[in-house]
Amino acid sequence: MVRFVAVLLTVLSVIVLASAQSSNRLDLSYILSFPKPQTHMFEVAMTISNVATPELDLQMPTWTPGSYLQREFERNVQDFAADDAGQPLQWRKADKATWRITTGASAGTPKTIRATYRVYANELATQTSHLDATHAYFNGASIFMYVPSAKDRPHRLKIVPPFNTWKVTSSLALAPDADGWFTAVDYDRLVDSPTEVGTHRLLEFTVRNKPHRVTIWGDYQGDDDKIKADFAKFVEEDAKMFGGLLYDHYTFIVGVQPGIGGGTEHVTANVSLTTPAAFKEEKEYKKFLGLESHEYFHNWNVKRIRPIALGPFDYQHENYTHGLWVSEGFTDYYGRLILRRAGLMTVKDYLEDMGTLLAGYEQTPGRLVQSAESASFDAWVKQYRPDENSPNTAMSYYTRGDILGMLFDIEIRSRTNGAKSLDNVMRSLLEKYGLPKPGFTDSQLKAAFEAEAGGDLTDFWKRYVAGNDEVDFAGYFAKMGLTLTKEYKKDTPYASSKTDKPGALGIRTRATADRVIVSSVLVGLPAYDGGVNANDELIAIDGQKLDSTNGIEKSDHPDQNLLNHVRAGQKTTLTIFRRNKLLTIDLTAAVRPFDNYVISENKDATEAQKRLRIAWIGEDPKK
């Protein structure tokens with residue numbers, strides 16, 4: 001009996017302790033205001049209830065998921081203060097992104113602590129936040145501090161616009177609750193929910209009974225109905241591929257201003273920046289649709305299908321993975337392919353885009369140096385910090401992964417005679433490792449490909465994923481009944497000559513005012529070994545003056561660049577300024593690499609090859 005009572009008392013004490021711990025769990029809320037938007041200052045009031053420790057750390061993320069760069073968001077924080085019921089509290093910086101508050105609290109005397117601070121936000125980029133007299137956009141990682149031990153707790157947010165005319169569109173919910181609060185299930189969801197506040201245009205459409213919204217801020221002159229219809233088409237194609245939509249609502253946040261671009265994905269939203277030309281020129285509109293299709297596909301790939309290193313997030317340090325070639329590169333591949341399936345891109349346009357991608361890839365020496373896996377792992381120090389030598393030493397995991405997506409798709413389709421494709425791999429990864437599951441390891445990723453391909457892919461993996469082997473693109477296209485032809489752009493000097501071949505010096509240039517500056521020098525071509533340096537100012541070639549009208553590469557008119565007017569084997573002289581000293585450098589032009597890749601239907605393709613091609617990219621309607 002005594003033993004029973006002792007056990008009972010122990011159980012009761014555990015229950016009481018657990019109850020006390022539960023009642024003392026931190027409650028976290030934020031009030032975000034910006035009463036003077038023209039000053040670019042967000043004002044944050046953060047309240048933490050049930051604090052039971054003598055010190056409390058608040059941390060600011062140093063990077064944001066979706067962009068693998070230490071952006072040091074803490075640099076924009078100012079005017080930090082903390083109080084307990086209005087009484088100021090002491091605090092100190094523990095490191096660059098940690099504010100340590102002396103609370104005076106204990107388990108027996110829990111307290112409610114309030115921290116206030118301001119964040120300067122005047123960077124018009126999707127990964128940061130932007131506030132001015134016309135609108136407020138914020139990416140939560142650049143605005144909201146967190147308590148390290150309480151990231152898994154619900155976080156509430158109230159947004160206070162400066163004017164009654166400004167509306168709030170947040171991907172946290174279609175609307176706040178009756179008291180004006182949005183609630184995120186945890187900190188990850190809070191900062192993964194971008195928000196636009198202002199007088200933005202708001203477009204709405206429905207796919208599979210799920211509401212979708214498009215906010216548009218800036219210099220927009222587009223066709224609302226066309227945007228809604230086109231967005232709905234690629235959303236529906238993604239839903240077909242994955243068997244439905246995995247969210248209750250989705251928000252596209254679009255900023256339109258001259259000279260901007262890019263996008264960032266979120267779990268129920270994406271943010272993109274584009275120029276006014278996207279809504280005035282067909283070519284630019286297609287690029288805009290490609291951006292939106294890419295960012296939307298991230299709803300599955302990276303937000304749910306992800307390498308195990310990308311969750312839960314460590315917001316203070318780099319999160320290393322070898323798999324960004326899948327997360328970003330495959331998203332590039334599917335961004336284009338989904339548009340093709342949705343009828344928003346013709347087969348001709350699709351193959352032209354693929355040809356342009358491959359031509360750029362094979363003209364970049366870095367493809368022989370940096371593999372898909374190493375490019376992914378080194379994203380933190382290379383992808384977002386390119387320099388003049390990057391073309392020689394690096395190859396973007398976007399490009400690598402885009403090409404690998406195509407290669408894997410063709411490989412699986414041809415091995416299984418069309419029974420399987422890369423789609424099957426993506427669906428398998430979602431089912432086995434998708435959120436809320438932890439994510440896939442490198443070995444699990446490889447196994448997923450092999451399961452759908454029906455065989456070992458070790459050699460393929462070593463050569464093209466972990467290695468830098470050259471790819472027989474013509475051989476891969478042949479499996480799909482396509483032919484790859486490499487040639488010169490029609491306007492390239494000597495492209496049609498029967499006696500001369502176009503020459504190359506290996507110099508890439510940029511314009512600075514009217515001057516021509518060397519931006520990079522490509523390894524393996526004459527200028528590299530001849531001593532031309534990045535940042536040299538090119539004055540003349542063979543006595544002819546160079547300026548911004550005739551010394552810069554123009555994709556539509558390569559003939560206007562005098563550097564392209566050399567023949568293979570021609571001896572030529574460059575006149576340059578280097579740190580205000582006049583120099584001449586003699587070079588002998590090499591044979592110019594082919595720069596125009598044409599992918600076309602092989603009229604002699606077998607019926608089996610035709611079936612594979614049609615199943616892959618379909619056919620254009622017969623005129």
# chains A, B, ... in the order shown; residues from 1 in each chain; ligands from 1
$ residues_around --residues "Pro148 in chain A" --least-positions-apart "5" --cutoff "9 Å" --atoms "only C-alpha atoms" --output "list of chain:residue names"
A:Asp57, A:Leu58, A:Gln59
$ select_by_dssp --residues "range 417-608 of chain A" --states "alpha helix (DSSP H)" --output "PyMOL selection string"
chain A and resi 422-433+442-453+458-460+473-479+526-530+607-608
